[in-house]
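Enquirer: Quick one: the structure is below, questions incoming.
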Amino acid sequence: MDPISERVPDAAPPTLGELRRAQVTLNARIHRLLGILVAGGVLYTCYFAAELILPILLAAFFALLLNPLMRRLAQRWLPRWLAALVMITLFLGLIGGIANALYPAAAEWVGRAPTVLREATPRLKALTRPFQEASKVTASLGEIGGDEEARRSRVVLQAPPRANLLAATPRALAGVLAVVLLTYFFLLYGDTLLRRILMLRPTWSAKRLTVDIVRSIQNDVSRYFLTVCCTSLGLGIATAALLWLIGVDTPLLWGALAALLNLTPYVGPLVMAALLALIGLAQFPTLGAALLPAAGYLALHTLESQVFTPLVLGRTVNLNPLAIIVWLMIWGWLWGILGLLLAVPMLVCFKIVCSRVESLQDFAILLEK
C-alpha cells in the first residue's frame, strides 16, 4: 500500500469525565462574567440613583444604631411606636444641641478663614521653598534643551461655579426629612419586615441562614457603630482638651470636627491633621509650636485606633486595611462624603454575608486582616 494513501487514524472521542470537566470550567467562566456584569450594574445604579439610595441606607444604619436602645424601652411596657418616637426625638435633640452649641464658633471661624489662610500662606511658601527651587532648576534645564512648547504653555485657572444655596436648601431639607421618617419606620416595622422575608424563604435551612445573617448584621454593625461613636467622642474630647492646653482658638469646634472625621478611617484623620497644621501655622510664631497641634492629634488618634478601638471590638470587625482603603475610594467616588461615612459599615455587612454564604466565602477570606 502506498504510504501517502494511508489514512491518519481519527482522534479518540472525549470521555464523559472530560466533557463534564469542560462543562464545569465553562460554567465557572460564565459565572465570573455574570458576577462582573452584576457588580458593574450595581455600581452604575448606585451612582445614578444616589438621591434615592442614600436616604434609605442612612436610615437603615441609624435604625441599627438605635435599635438596641429602643428594644430596652419597648421591654419596659412602652409601646413600640412610642419607643421609636422617643429614640428619634432624643437623637435629633442631641444632634441639634451639639450643632447649636458649636454654631457660633463655626460661624466665627468661617469669617476668619480668609485671614487665617493669608497668615499661613507665607509659612507654607517657606516650607515648600526647596521644592520650588528644584522645580525652577527643572524648568531652566527644559528651556536650555529648547522646549519651546513648555515655555509657551500657560496655565489658566477657572474658578468653580458658586453653589446656588436657595436651590439646594429645599432638596437638603427633603433628604433630611426622608431620613428621619425612614428611620422611624425602620425602627417600628423592622422586625415585622424580617418575619415577612422569612415567610418567603422556601426551606428551613434558608430561613435559618437568613436569620443568622440579619442578626449578625444587627449585632456587629450596632456594636461597630456604638464603639466608633464612643471612641470618636473620646478622641474629640481629648483633642479639644489638648488644643485648649496648647492655646489654639475655638478648641471645642476642632474637637467636634475631630470626632466627626474619625468616623471615616484613614481619610478623616489625615484631613484633620492637615487642618490643624494649617491652623498652627497661622496662629503660632515658630514652626515647632505650629506643628504641635497636628502632632498631638496624631498621637491621640494613634492611641485610639491602635489600642482602645481594637480592645473593644476585638475580632468582630477584622478587616484588611487595604480592602478598607479601596472600599473608601470606591464609595467616596460614587457618593462623596456620605459614601465615606457609610463605606466601612457596608463593608462589614458585605463581609458578614460572604462569610455565611458558601459560594462567597473566598471574598470573606480576602477581606480579613
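Just so we're on the same page: first chain in the C-alpha cells is A, next is B, and so on; residues restart at 1 for each chain, and ligands are numbered from 1 in the order they show up.
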Can you list every residue of range 17-106 of chain A that has an atom at most 10 Å from range 213-228 of chain A, with its nearest atom pair and the distance in Å to one decimal, using only C-alpha atoms, ordered by chain then number, as JSON lines?

Expert:
```
{"residue": "A:Phe61", "atom": "CA", "partner": "A:Val221", "partner_atom": "CA", "distance": 8.1}
{"residue": "A:Phe62", "atom": "CA", "partner": "A:Phe225", "partner_atom": "CA", "distance": 9.1}
{"residue": "A:Ala63", "atom": "CA", "partner": "A:Ser222", "partner_atom": "CA", "distance": 9.1}
{"residue": "A:Leu64", "atom": "CA", "partner": "A:Ser222", "partner_atom": "CA", "distance": 5.6}
{"residue": "A:Leu65", "atom": "CA", "partner": "A:Ser222", "partner_atom": "CA", "distance": 5.0}
{"residue": "A:Leu66", "atom": "CA", "partner": "A:Ser222", "partner_atom": "CA", "distance": 8.1}
{"residue": "A:Asn67", "atom": "CA", "partner": "A:Ser222", "partner_atom": "CA", "distance": 8.2}
{"residue": "A:Pro68", "atom": "CA", "partner": "A:Ser222", "partner_atom": "CA", "distance": 7.8}
```

Enquirer: Choose the residue, out of A:Ala28, A:Ala60, A:Val326, A:Leu19, that has the smallest atom-to-atom separation from Cys349 in chain A; count only C-alpha atoms.

Expert: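 So, comparing all the options, the nearest one is A:Ala60.
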
Enquirer: When you look at Ala83 in chain A with a cut-off of 12 Å (counting only C-alpha atoms), what residues show up, excluding the ones that are within fewer than 3 positions of it in the same chain? I need them as a VMD selection string.

Expert: chain A and resid 66 to 80 86 to 90 184 to 185 187 to 188

Enquirer: Could you check the closest approach to Leu278 in chain A for each of A:Val179, A:Ala299, A:Ala294, A:Leu33 and tell me which residue wins, using only C-alpha atoms?

Expert: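 Nearest candidate to Leu278 in chain A out of A:Val179, A:Ala299, A:Ala294, A:Leu33: A:Ala294.
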
Enquirer: Please identify all polymer residues within 9 Å of range 106-116 of chain A, counting only C-alpha atoms, omitting same-chain residues fewer than 5 positions from it, and present them as a PyMOL selection string.

Expert: chain A and resi 121+250+253+278-279+281-283

Enquirer: Find the distance between CA of Ala105 in chain A and CA of Ala277 in chain A and write it in Å to one decimal.

Expert: 18.9 Å

Enquirer: Give me the residues near Gly175 in chain A as a list in words, where near means some atom within 9 Å (using only C-alpha atoms) and where sequence neighbours in that chain fewer than 4 positions away do not count.

Expert: Glu51, Leu54, Pro55, Pro170, Arg171, Val179 and Val180 of chain A

Enquirer: Env of Gly268 in chain A: 10 Å cut, atoms = only C-alpha atoms, seq-sep filter 6 positions within chain, self excluded. Answer as a list in words.

Expert: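 Counting only C-alpha atoms, the residues come to Leu257, Ala258, Ala259, Leu260, Leu261, Asn262, Leu340 and Leu341 of chain A.
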
Enquirer: Can you pull out the residues contacting Ala241 in chain A? Cut-off 12 Å, using only C-alpha atoms, and skip same-chain residues under 3 positions away; I want them as a list in words.

Expert: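 Skipping anything fewer than 3 positions along the chain leaves Gly234, Leu235, Gly236, Ile237, Ala238, Trp244, Leu245, Ile246, Gly247, Val248, Asp249, Thr250, Pro251, Leu252, Leu253, Trp254, Gly255, Ala256, Pro293, Gly296, Tyr297 and Leu300 of chain A.
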
Enquirer: Here is a test: counting only C-alpha atoms, which residue of A:Leu181, A:Leu303, A:Val38, A:Leu263 is nearest to Leu328 in chain A?

Expert: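 Smallest distance to Leu328 in chain A is found for A:Leu263.
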
Enquirer: Just checking: using only C-alpha atoms, which residue out of A:Leu200, A:Leu58, A:Ser305, A:Arg208 ends up closest to Met346 in chain A?

Expert: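 The closest residue to Met346 in chain A is A:Leu58.
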
Enquirer: One decimal, in Å: what's the spacing between CA of Ala290 in chain A and CA of Glu304 in chain A?

Expert: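 Result for CA of Ala290 in chain A versus CA of Glu304 in chain A: 23.0 Å, one decimal.
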